[in-house]
$ cat model-v7.cif   # mmCIF, C-alpha atoms
data_query
#
loop_
_atom_site.label_atom_id
_atom_site.label_comp_id
_atom_site.auth_asym_id
_atom_site.auth_seq_id
_atom_site.Cartn_x
_atom_site.Cartn_y
_atom_site.Cartn_z
CA MET B 1 97.21 99.09 140.26
CA ASP B 2 100.10 98.96 137.79
CA LEU B 3 99.15 99.74 134.22
CA PRO B 4 100.85 97.44 131.72
CA ASP B 5 103.28 99.02 129.30
CA ASP B 6 102.20 100.34 125.90
CA ASP B 7 103.45 97.29 124.03
CA HIS B 8 101.17 95.12 126.13
CA LEU B 9 98.23 97.48 125.57
CA THR B 10 98.97 97.40 121.84
CA CYS B 11 99.01 93.64 121.42
CA GLU B 12 97.12 92.19 124.37
CA GLY B 13 94.89 94.91 125.76
CA LEU B 14 93.98 94.90 129.45
CA ASP B 15 91.44 93.14 131.63
CA LEU B 16 90.53 94.62 135.01
CA SER B 17 87.03 93.27 134.90
CA ALA B 18 86.95 89.97 136.71
CA PRO B 19 84.54 90.06 139.63
CA PRO B 20 83.71 86.68 141.17
CA ALA B 21 79.98 87.03 140.61
CA PRO B 22 77.51 89.09 138.62
CA THR B 23 77.73 92.72 139.54
CA GLU B 24 75.85 95.93 138.99
CA ARG B 25 79.14 97.67 138.27
CA LEU B 26 79.53 99.32 134.86
CA LEU B 27 82.03 97.63 132.56
CA LEU B 28 83.87 99.78 130.06
CA ILE B 29 85.01 97.85 127.00
CA ALA B 30 87.63 100.11 125.48
CA CYS B 31 90.39 100.42 122.95
CA GLY B 32 93.77 99.70 124.56
CA ALA B 33 94.99 103.06 123.29
CA LEU B 34 92.63 104.70 125.80
CA ALA B 35 93.56 102.65 128.89
CA ARG B 36 95.72 105.28 130.58
CA GLU B 37 93.28 108.08 129.91
CA ILE B 38 90.28 106.10 131.18
CA LEU B 39 92.04 104.93 134.33
CA ASP B 40 93.12 108.51 134.99
CA LEU B 41 89.55 109.75 134.58
CA ILE B 42 88.24 106.99 136.84
CA ALA B 43 90.77 107.92 139.53
CA ARG B 44 90.25 111.67 139.19
CA ASN B 45 86.48 111.45 139.29
CA GLY B 46 86.24 108.73 141.91
CA TRP B 47 84.21 106.53 139.55
CA SER B 48 84.57 103.51 141.77
CA HIS B 49 81.56 101.82 140.14
CA MET B 50 83.47 101.25 136.88
CA ASP B 51 85.51 98.26 135.71
CA LEU B 52 87.66 98.32 132.62
CA THR B 53 88.63 95.84 129.96
CA CYS B 54 90.62 96.88 126.90
CA LEU B 55 90.95 95.22 123.54
CA PRO B 56 94.37 95.26 121.86
CA ALA B 57 95.06 98.79 120.69
CA ILE B 58 96.50 97.56 117.41
CA LEU B 59 92.91 96.94 116.22
CA HIS B 60 93.14 100.65 115.40
CA ASN B 61 95.03 99.52 112.28
CA HIS B 62 92.40 96.91 111.38
CA PRO B 63 89.01 98.62 111.74
CA ASP B 64 87.27 95.76 109.94
CA ARG B 65 88.06 93.54 112.96
CA ILE B 66 86.76 95.92 115.63
CA PRO B 67 83.01 95.13 115.50
CA GLU B 68 83.54 91.40 115.95
CA ALA B 69 86.15 91.90 118.69
CA VAL B 70 83.79 94.21 120.58
CA GLU B 71 80.91 91.77 120.14
CA GLN B 72 83.00 88.89 121.51
CA ALA B 73 83.99 91.02 124.50
CA VAL B 74 80.39 92.03 125.19
CA LEU B 75 79.22 88.40 125.02
CA LYS B 76 82.11 87.25 127.22
CA HIS B 77 81.53 89.80 129.98
CA ARG B 78 77.77 90.15 129.91
CA PRO B 79 77.15 87.26 132.36
CA THR B 80 79.05 89.16 135.07
CA HIS B 81 78.46 92.72 133.86
CA PRO B 82 74.97 93.36 132.50
CA HIS B 83 75.82 97.07 132.28
CA ILE B 84 78.38 97.72 129.55
CA PHE B 85 79.60 100.85 127.79
CA VAL B 86 81.79 100.58 124.69
CA VAL B 87 84.59 103.15 124.65
CA TYR B 88 85.13 103.20 120.91
CA ALA B 89 83.89 105.75 118.41
CA ASP B 90 83.18 104.60 114.86
CA CYS B 91 86.95 104.18 114.38
CA GLY B 92 86.83 103.55 110.64
CA THR B 93 84.22 100.80 110.81
CA GLY B 94 81.90 102.65 108.45
CA GLY B 95 78.94 102.41 110.85
CA ARG B 96 79.37 98.69 111.48
CA LEU B 97 80.41 99.13 115.10
CA ARG B 98 77.34 101.28 115.73
CA ALA B 99 75.14 98.60 114.15
CA THR B 100 76.79 95.92 116.29
CA CYS B 101 76.34 97.92 119.50
CA ASP B 102 72.71 98.69 118.63
CA ARG B 103 72.04 95.01 118.03
CA LEU B 104 73.67 94.08 121.34
CA GLY B 105 71.87 96.87 123.17
CA VAL B 106 75.00 98.62 124.42
CA ALA B 107 75.91 102.29 124.10
CA MET B 108 79.16 103.62 122.66
CA VAL B 109 81.08 106.88 122.35
CA GLU B 110 79.78 109.35 119.78
CA GLY B 111 81.96 110.53 116.94
CA PRO B 112 84.05 109.22 114.08
CA HIS B 113 87.25 108.43 116.01
CA CYS B 114 89.35 109.32 119.04
CA TYR B 115 90.94 112.31 117.27
CA SER B 116 87.46 113.76 117.08
CA PHE B 117 86.26 113.08 120.60
CA PHE B 118 89.57 114.16 122.17
CA GLU B 119 89.29 117.46 120.36
CA GLY B 120 85.53 117.62 120.97
CA ASN B 121 83.24 116.22 118.30
CA ALA B 122 81.55 119.53 117.57
CA ARG B 123 84.82 121.40 117.16
CA PHE B 124 86.37 118.63 115.12
CA ALA B 125 83.40 118.56 112.75
CA ALA B 126 83.47 122.33 112.42
CA THR B 127 87.13 122.39 111.42
CA SER B 128 87.16 119.23 109.31
CA GLU B 129 86.70 121.07 106.02
CA ASP B 130 89.86 123.07 106.66
CA GLU B 131 91.88 120.36 108.32
CA PHE B 132 91.47 117.28 106.19
CA THR B 133 95.15 117.38 105.25
CA ALA B 134 96.16 116.92 108.89
CA PHE B 135 97.55 113.65 110.22
CA TYR B 136 96.67 113.23 113.89
CA LEU B 137 98.50 111.55 116.72
CA THR B 138 97.40 111.20 120.34
CA ASP B 139 99.66 110.67 123.36
CA PHE B 140 99.41 106.92 122.94
CA LEU B 141 100.06 107.00 119.21
CA VAL B 142 103.09 109.23 119.67
CA ARG B 143 104.52 106.75 122.16
CA GLN B 144 103.66 103.87 119.82
CA PHE B 145 104.42 105.62 116.53
CA ASP B 146 106.69 102.87 115.23
CA ALA B 147 104.25 100.08 116.05
CA PHE B 148 101.20 101.86 114.63
CA VAL B 149 102.55 103.93 111.74
CA TRP B 150 106.15 103.43 110.74
CA GLU B 151 106.39 99.64 110.73
CA PRO B 152 102.88 98.66 109.51
CA LEU B 153 103.31 101.00 106.54
CA GLY B 154 106.66 99.38 105.80
CA LEU B 155 108.55 102.65 106.14
CA ASP B 156 111.25 100.93 108.17
CA ARG B 157 111.94 98.68 105.19
CA HIS B 158 110.88 100.91 102.30
CA PRO B 159 111.33 104.58 103.26
CA GLN B 160 110.80 105.54 99.61
CA LEU B 161 107.08 104.88 100.13
CA ARG B 162 106.73 107.78 102.55
CA ASP B 163 105.38 110.26 100.05
CA THR B 164 103.06 107.67 98.54
CA TYR B 165 101.32 107.57 101.91
CA PHE B 166 101.81 111.10 103.15
CA GLY B 167 102.31 113.19 100.03
CA HIS B 168 98.90 114.84 100.34
CA TYR B 169 99.16 115.56 104.05
CA THR B 170 100.44 118.97 105.06
CA LYS B 171 100.91 118.77 108.82
CA LEU B 172 101.01 116.47 111.79
CA VAL B 173 98.75 117.60 114.60
CA TYR B 174 99.78 116.22 117.98
CA GLN B 175 96.64 116.18 120.06
CA ALA B 176 98.14 116.25 123.54
CA GLN B 177 96.13 114.69 126.32
CA THR B 178 98.84 115.59 128.84
CA ASP B 179 101.58 118.16 129.21
CA ASP B 180 104.68 116.11 128.62
CA PRO B 181 107.66 117.86 127.00
CA ALA B 182 109.31 114.54 126.16
CA LEU B 183 106.22 113.42 124.24
CA THR B 184 106.08 116.74 122.42
CA THR B 185 109.69 116.26 121.35
CA LYS B 186 108.89 112.75 120.17
CA ALA B 187 105.84 114.01 118.26
CA GLN B 188 108.02 116.64 116.58
CA ASP B 189 110.37 113.87 115.54
CA CYS B 190 107.43 111.88 114.14
CA ALA B 191 106.43 114.89 112.03
CA ALA B 192 110.00 115.28 110.75
CA ARG B 193 110.18 111.60 109.83
CA LEU B 194 106.95 111.94 107.84
CA GLY B 195 108.13 115.17 106.22
CA LEU B 196 105.21 117.12 107.69
CA ALA B 197 104.87 120.45 109.48
CA PHE B 198 104.22 120.12 113.19
CA GLU B 199 101.47 121.49 115.40
CA ARG B 200 100.86 120.68 119.04
CA ARG B 201 97.33 121.10 120.24
CA PHE B 202 96.41 120.46 123.86
CA THR B 203 93.05 118.69 123.96
CA GLY B 204 92.98 117.04 127.36
CA TYR B 205 90.40 114.27 127.35
CA GLY B 206 87.79 116.26 125.43
CA ASP B 207 84.47 114.49 125.01
CA LEU B 208 85.84 111.27 126.47
CA GLU B 209 85.22 112.60 129.97
CA THR B 210 81.68 113.68 129.07
CA ALA B 211 80.93 110.32 127.49
CA LEU B 212 82.11 108.42 130.58
CA THR B 213 80.24 110.79 132.89
CA ASP B 214 77.03 110.05 130.99
CA ALA B 215 77.69 106.32 130.61
CA MET E 1 110.08 85.62 96.20
CA SER E 2 113.51 85.09 94.55
CA ASP E 3 116.69 85.31 96.58
CA ASP E 4 119.14 84.86 93.75
CA GLN E 5 118.21 88.02 91.83
CA ASP E 6 121.83 89.05 91.26
CA ASP E 7 122.61 85.83 89.43
CA ILE E 8 119.87 86.15 86.82
CA ILE E 9 120.67 87.66 83.43
CA LEU E 10 117.21 88.56 82.16
CA ALA E 11 118.26 88.64 78.52
CA ASP E 12 119.47 85.04 78.79
CA LEU E 13 116.04 83.72 79.75
CA ASP E 14 113.68 82.38 77.10
CA ASP E 15 110.27 84.00 76.78
CA GLU E 16 108.47 81.68 79.14
CA GLU E 17 111.18 81.93 81.78
CA LEU E 18 111.31 85.69 81.40
CA VAL E 19 107.57 86.07 81.94
CA GLN E 20 107.83 83.87 85.05
CA GLN E 21 110.72 86.02 86.21
CA MET E 22 108.60 89.13 85.63
CA PHE E 23 105.95 87.66 87.91
CA ASP E 24 108.64 87.26 90.57
CA ASP E 25 110.04 90.72 89.96
CA LEU E 26 106.60 92.32 90.18
CA TYR E 27 105.99 90.40 93.38
CA ASP E 28 109.26 91.73 94.75
CA GLY E 29 108.58 95.28 93.51
CA LEU E 30 111.66 95.45 91.29
CA LYS E 31 110.87 98.31 88.95
CA GLU E 32 114.15 98.42 87.02
CA GLU E 33 114.03 94.69 86.33
CA ILE E 34 110.47 94.99 85.07
CA GLU E 35 111.42 97.86 82.78
CA GLU E 36 114.36 95.86 81.45
CA SER E 37 112.18 92.79 80.86
CA VAL E 38 109.54 94.82 79.05
CA ASN E 39 112.21 96.18 76.73
CA ILE E 40 113.62 92.70 76.14
CA LEU E 41 110.20 91.35 75.17
CA LEU E 42 109.58 94.31 72.87
CA ALA E 43 112.93 93.71 71.21
CA ARG E 44 111.92 90.07 70.70
CA GLY E 45 108.87 91.21 68.79
CA TRP E 46 106.17 90.85 71.46
CA GLN E 47 103.18 93.13 70.96
CA PRO E 48 102.76 95.74 73.71
CA TYR E 49 99.29 94.39 74.49
CA GLU E 50 100.70 90.87 74.96
CA ILE E 51 103.33 92.12 77.40
CA LEU E 52 100.72 94.12 79.26
CA THR E 53 98.25 91.28 79.69
CA GLU E 54 100.44 88.18 79.81
CA ALA E 55 103.24 89.57 81.97
CA LEU E 56 102.23 92.70 83.86
CA VAL E 57 98.51 92.20 84.50
CA ALA E 58 98.95 88.47 85.10
CA GLY E 59 101.77 89.22 87.55
CA MET E 60 99.74 91.84 89.39
CA THR E 61 96.85 89.41 89.60
CA ILE E 62 99.08 87.11 91.68
CA VAL E 63 100.00 90.08 93.87
CA GLY E 64 96.32 90.98 94.25
CA LYS E 65 95.36 87.45 95.25
CA ASP E 66 98.10 87.22 97.85
CA PHE E 67 97.07 90.61 99.21
CA ARG E 68 93.48 89.42 99.53
CA ASP E 69 94.66 86.25 101.26
CA GLY E 70 96.73 88.18 103.78
CA ILE E 71 100.07 86.93 102.43
CA LEU E 72 101.15 90.32 101.10
CA PHE E 73 100.51 93.67 102.76
CA VAL E 74 100.02 97.23 101.56
CA PRO E 75 103.73 98.20 101.36
CA GLU E 76 104.53 95.21 99.17
CA VAL E 77 101.52 95.88 96.94
CA LEU E 78 102.62 99.48 96.51
CA LEU E 79 106.10 98.40 95.50
CA ALA E 80 104.64 95.91 93.03
CA ALA E 81 102.35 98.62 91.65
CA ASN E 82 105.30 100.94 91.28
CA ALA E 83 107.16 98.28 89.32
CA MET E 84 104.14 97.72 87.09
CA LYS E 85 103.89 101.47 86.59
CA GLY E 86 107.45 101.43 85.27
CA GLY E 87 106.51 98.81 82.71
CA MET E 88 103.27 100.59 81.83
CA ALA E 89 105.12 103.83 81.19
CA ILE E 90 107.09 102.10 78.42
CA LEU E 91 104.04 100.35 76.98
CA LYS E 92 101.47 103.16 77.11
CA PRO E 93 102.62 105.16 74.07
CA LEU E 94 103.10 101.93 72.14
CA LEU E 95 99.62 100.73 73.04
CA VAL E 96 98.21 103.95 71.59
CA GLU E 97 100.19 103.40 68.38
CA THR E 98 99.30 99.74 68.01
CA GLY E 99 95.63 100.20 68.86
CA ALA E 100 95.09 97.81 71.77
CA PRO E 101 91.49 96.68 72.41
CA LYS E 102 89.46 99.15 74.49
CA GLN E 103 87.13 97.93 77.19
CA GLY E 104 85.61 101.30 78.03
CA LYS E 105 86.28 104.56 79.80
CA MET E 106 86.29 105.42 83.49
CA VAL E 107 86.36 108.68 85.43
CA ILE E 108 87.67 108.08 88.93
CA GLY E 109 88.40 110.28 91.93
CA THR E 110 88.54 110.43 95.72
CA VAL E 111 85.62 112.34 97.22
CA LYS E 112 85.57 115.79 98.77
CA GLY E 113 87.39 116.14 102.07
CA ASP E 114 89.46 113.02 101.50
CA ILE E 115 93.10 112.98 100.42
CA HIS E 116 93.64 109.22 100.39
CA ASP E 117 94.41 107.87 96.96
CA ILE E 118 96.37 104.66 97.31
CA GLY E 119 93.36 102.42 96.64
CA LYS E 120 92.10 104.67 93.88
CA ASN E 121 95.49 104.66 92.19
CA LEU E 122 95.67 100.88 92.32
CA VAL E 123 92.21 100.62 90.79
CA GLY E 124 93.13 103.12 88.07
CA MET E 125 96.29 101.23 87.22
CA MET E 126 94.60 97.83 87.09
CA MET E 127 91.75 99.27 85.02
CA GLU E 128 94.28 100.64 82.55
CA GLY E 129 95.98 97.28 82.50
CA ALA E 130 92.65 95.68 81.67
CA GLY E 131 92.18 97.99 78.70
CA PHE E 132 90.08 100.78 80.16
CA GLU E 133 90.86 104.40 79.49
CA VAL E 134 91.11 106.03 82.91
CA ILE E 135 90.59 109.73 83.64
CA ASP E 136 91.94 110.30 87.15
CA LEU E 137 90.50 113.32 88.93
CA GLY E 138 92.83 112.93 91.91
CA ILE E 139 91.74 113.69 95.47
CA ASN E 140 89.20 115.93 97.22
CA ASN E 141 86.59 116.07 94.45
CA ALA E 142 83.39 118.03 94.95
CA VAL E 143 80.23 117.22 92.98
CA ASP E 144 81.05 119.77 90.29
CA SER E 145 84.41 118.20 89.64
CA TYR E 146 82.76 114.85 88.93
CA LEU E 147 79.98 116.43 86.86
CA ASP E 148 82.39 118.44 84.74
CA ALA E 149 84.47 115.36 84.03
CA LEU E 150 81.41 113.28 83.16
CA GLU E 151 80.23 115.95 80.74
CA ALA E 152 83.64 116.36 79.16
CA GLU E 153 84.74 112.74 79.00
CA LYS E 154 81.46 110.85 78.51
CA PRO E 155 82.79 107.75 80.31
CA ASP E 156 81.04 104.42 80.80
CA ILE E 157 81.95 104.32 84.47
CA LEU E 158 82.17 106.73 87.38
CA GLY E 159 84.40 105.48 90.19
CA MET E 160 84.45 107.08 93.63
CA SER E 161 86.78 106.29 96.49
CA ALA E 162 86.85 107.24 100.20
CA LEU E 163 88.91 106.07 103.14
CA LEU E 164 87.11 107.87 105.92
CA THR E 165 83.82 107.20 107.63
CA THR E 166 83.30 110.94 107.59
CA THR E 167 83.79 111.33 103.83
CA MET E 168 82.10 108.24 102.44
CA PRO E 169 78.58 109.74 102.74
CA TYR E 170 79.65 112.29 100.11
CA MET E 171 79.33 109.57 97.49
CA LYS E 172 75.59 109.73 98.04
CA VAL E 173 75.67 113.49 97.48
CA VAL E 174 77.24 112.89 94.07
CA ILE E 175 74.80 110.12 93.14
CA ASP E 176 71.80 112.14 94.32
CA THR E 177 72.97 115.04 92.16
CA LEU E 178 73.23 112.71 89.16
CA ILE E 179 69.66 111.58 89.83
CA GLU E 180 68.41 115.16 90.15
CA LYS E 181 70.00 116.03 86.83
CA GLY E 182 68.61 112.93 85.13
CA MET E 183 72.14 111.64 84.49
CA ARG E 184 72.33 108.68 86.85
CA ASP E 185 71.41 106.00 84.32
CA ASP E 186 74.01 107.25 81.86
CA TYR E 187 76.84 105.84 83.97
CA ILE E 188 77.89 102.73 85.81
CA VAL E 189 78.73 103.93 89.32
CA LEU E 190 81.32 101.91 91.22
CA VAL E 191 82.43 102.78 94.76
CA GLY E 192 85.24 101.55 96.99
CA GLY E 193 87.30 102.27 100.08
CA ALA E 194 88.20 100.61 103.36
CA PRO E 195 85.16 101.56 105.47
CA LEU E 196 82.61 100.76 102.73
CA ASN E 197 80.71 97.55 102.17
CA GLU E 198 78.11 96.16 99.77
CA GLU E 199 75.23 97.31 101.92
CA PHE E 200 76.52 100.89 101.87
CA GLY E 201 76.99 100.74 98.11
CA ARG E 202 73.38 99.64 97.66
CA ALA E 203 72.06 102.18 100.16
CA ILE E 204 73.59 105.15 98.35
CA GLY E 205 72.45 103.97 94.92
CA ALA E 206 75.76 102.83 93.44
CA ASP E 207 75.76 99.97 90.96
CA ALA E 208 78.38 98.09 92.91
CA TYR E 209 80.84 98.21 95.77
CA CYS E 210 84.29 96.90 94.83
CA ARG E 211 86.37 95.61 97.72
CA ASP E 212 89.68 95.73 95.84
CA ALA E 213 91.27 96.58 92.50
CA ALA E 214 90.83 93.10 91.04
CA VAL E 215 87.14 93.08 91.92
CA ALA E 216 86.80 96.57 90.44
CA VAL E 217 88.18 95.36 87.11
CA GLU E 218 85.93 92.30 86.97
CA THR E 219 82.89 94.31 88.03
CA ALA E 220 83.63 97.00 85.47
CA LYS E 221 83.97 94.42 82.68
CA THR E 222 80.70 92.75 83.66
CA TYR E 223 78.73 95.99 83.82
CA VAL E 224 80.20 97.39 80.60
CA ALA E 225 79.37 94.16 78.76
CA ARG E 226 75.83 94.29 80.15
CA LYS E 227 75.50 97.94 79.10
CA HIS E 228 76.65 97.11 75.57
CA ASN E 229 74.24 94.17 75.37
CA GLN E 230 71.36 96.37 76.50
CA ALA E 231 72.30 99.01 73.94
CA ALA E 232 72.46 96.36 71.22
CA MET E 233 69.02 95.05 72.16
CA ARG E 234 67.55 98.55 71.98
CA ALA E 235 69.17 99.20 68.58
#
$ encode --input "model-v7.cif" --output "structure tokens"
Amino acid sequence: MDLPDDDHLTCEGLDLSAPPAPTERLLLIACGALAREILDLIARNGWSHMDLTCLPAILHNHPDRIPEAVEQAVLKHRPTHPHIFVVYADCGTGGRLRATCDRLGVAMVEGPHCYSFFEGNARFAATSEDEFTAFYLTDFLVRQFDAFVWEPLGLDRHPQLRDTYFGHYTKLVYQAQTDDPALTTKAQDCAARLGLAFERRFTGYGDLETALTDA
Amino acid sequence: MSDDQDDIILADLDDEELVQQMFDDLYDGLKEEIEESVNILLARGWQPYEILTEALVAGMTIVGKDFRDGILFVPEVLLAANAMKGGMAILKPLLVETGAPKQGKMVIGTVKGDIHDIGKNLVGMMMEGAGFEVIDLGINNAVDSYLDALEAEKPDILGMSALLTTTMPYMKVVIDTLIEKGMRDDYIVLVGGAPLNEEFGRAIGADAYCRDAAVAVETAKTYVARKHNQAAMRA
């Protein structure tokens, strides 16, 4: 199966969920920014009972829209997939996604956001008091830095705003899911563009794998 | 908004045209033009408070409405705010001298563990524009920081801001501390930030959740007026 490119995952998402009839298979409704990682985990672990549909990753920049988008996806797919797991953490919804999932009777990933579950929720929480001046990027967000950070913040048009946004940050932490020297170089460039110190931290898939194992 | 900026000589415009042009220049985030226009109006004998309310605040209100309606986005609002700040910097000392009307006093800060201050800064600026004295505590404020400022400044309003789901619960820590110390009813507590909503504001015991800077100003005015009315009834 060919995974669509990142631009497609950003704007359109991904739907690999269309069985002809109701199925007992587990449907993962996920953020498009996690598509590669989830498909890799499915392949590595032989989770052949899972289907995947992804919402547009750019919802990451509009957390207020995530609960409704997830709800629509659950309602759309429930007739064919009674078993659904939502592969989002809170993701800036202020508890609203959790409330939506509870109301719909579907489970979701624990934690505040993907930065936390990639690093491991317990570890992330333990270090949060010392690291709240860190700006995090994942593999996907490094690849899509312009679409998710640079352009939406208007830095392509108004570079003078950089310190208004990032003046209180001290470093960019690249949470690497994979070992990819080219991505590390790109992440370093992202840090330089934001005027931040750079740190690479290999996380692998962290709690994402555990969450999918238990789903 | 205006494409023919280079052709306009601000000093040649009459007052009404100049104020309209200031609305455009605020919308377009043109700080130098705003500063020049403020100085022109001052030279023409306008009172600082008139310039503040009729040109700057009125212009930012248009920006705020278009932001709320999804016509303008954060970068444009920040540029507009920066332009307004330029005008405010000229007017502020003059407002002190000329004794502009005071609506009340606010202590505002982003909560502990949170470094995001764009929304807070916009609220602070619009509150100042509306005639409130604003004491800005900056970012990453623990309970003691808020308490010390409340003791020292005796404001009408405490404002707290948070951008993160992980930091917004700290607002309740602050409010609970105020309750424990018997101070809660001394202040109007307003909260705001992207992940918050009205339900959260109620749940933590705030007086109100304010979804944006314009709402914060209107809410603050309403609550301060109510507080003054209650004080007058007790007197």
$ interface_residues --input "model-v7.cif" --of "chain E" --to "chain B" --cutoff "7 Å" --atoms "only C-alpha atoms" --output "list in words"
Pro75, Gly113, Asp114, Ile115, Leu164, Thr165, Thr166, Pro195 and Leu196 of chain E
$ write_last_selection --input "model-v7.cif" --atoms "C-alpha atoms" --output "PDB file, keeping the file's coordinate frame"
ATOM      1  CA  PRO E  75     103.730  98.200 101.360  1.00  0.00           C
ATOM      2  CA  GLY E 113      87.390 116.140 102.070  1.00  0.00           C
ATOM      3  CA  ASP E 114      89.460 113.020 101.500  1.00  0.00           C
ATOM      4  CA  ILE E 115      93.100 112.980 100.420  1.00  0.00           C
ATOM      5  CA  LEU E 164      87.110 107.870 105.920  1.00  0.00           C
ATOM      6  CA  THR E 165      83.820 107.200 107.630  1.00  0.00           C
ATOM      7  CA  THR E 166      83.300 110.940 107.590  1.00  0.00           C
ATOM      8  CA  PRO E 195      85.160 101.560 105.470  1.00  0.00           C
ATOM      9  CA  LEU E 196      82.610 100.760 102.730  1.00  0.00           C
TER      10      LEU E 196
END
$ resolve_selection --input "model-v7.cif" --expression "the PyMOL selection byres ((chain B and resi 139) around 12)" --output "PyMOL selection string"
chain B and resi 6+33-37+114-115+118+136-138+140-145+173-187+200-205
$ atom_distance --input "model-v7.cif" --atom1 "CA of His60 in chain B" --atom2 "CA of Phe148 in chain B"
8.2 Å
$ closest_residue --input "model-v7.cif" --among "B:Ala21, B:Asp51, B:Cys11, B:Glu68" --to "Ala99 in chain B" --atoms "only C-alpha atoms"
B:Glu68
$ resolve_selection --input "model-v7.cif" --expression "the PyMOL selection byres ((chain B and resi 85) around 8)" --output "PDB file with C-alpha atoms, in the frame of the given file"
ATOM      1  CA  LEU B  26      79.530  99.320 134.860  1.00  0.00           C
ATOM      2  CA  LEU B  27      82.030  97.630 132.560  1.00  0.00           C
ATOM      3  CA  LEU B  28      83.870  99.780 130.060  1.00  0.00           C
ATOM      4  CA  ILE B  29      85.010  97.850 127.000  1.00  0.00           C
ATOM      5  CA  HIS B  83      75.820  97.070 132.280  1.00  0.00           C
ATOM      6  CA  ILE B  84      78.380  97.720 129.550  1.00  0.00           C
ATOM      7  CA  VAL B  86      81.790 100.580 124.690  1.00  0.00           C
ATOM      8  CA  VAL B  87      84.590 103.150 124.650  1.00  0.00           C
ATOM      9  CA  VAL B 106      75.000  98.620 124.420  1.00  0.00           C
ATOM     10  CA  ALA B 107      75.910 102.290 124.100  1.00  0.00           C
ATOM     11  CA  MET B 108      79.160 103.620 122.660  1.00  0.00           C
ATOM     12  CA  ALA B 215      77.690 106.320 130.610  1.00  0.00           C
TER      13      ALA B 215
END
$ residues_around --input "model-v7.cif" --residues "Ala80 in chain E" --least-positions-apart "5" --cutoff "9 Å" --atoms "only C-alpha atoms" --output "list in words"
Asp25, Leu26, Tyr27, Asp28, Gly29, Leu30, Lys31, Met60, Val63, Pro75 and Lys85 of chain E
$ atom_distance --input "model-v7.cif" --atom1 "CA of Ala206 in chain E" --atom2 "CA of Ala162 in chain E"
13.7 Å
$ closest_residue --input "model-v7.cif" --among "E:Val111, E:Ala130, E:Ala11, E:Val174" --to "Glu54 in chain E" --atoms "all atoms listed in the file"
E:Ala130
$ resolve_selection --input "model-v7.cif" --expression "the PyMOL selection byres ((chain B and resi 22) around 12)" --output "list in words"
Ser17, Ala18, Pro19, Pro20, Ala21, Thr23, Glu24, Arg25, Leu26, Leu27, His77, Arg78, Pro79, Thr80, His81, Pro82 and His83 of chain B
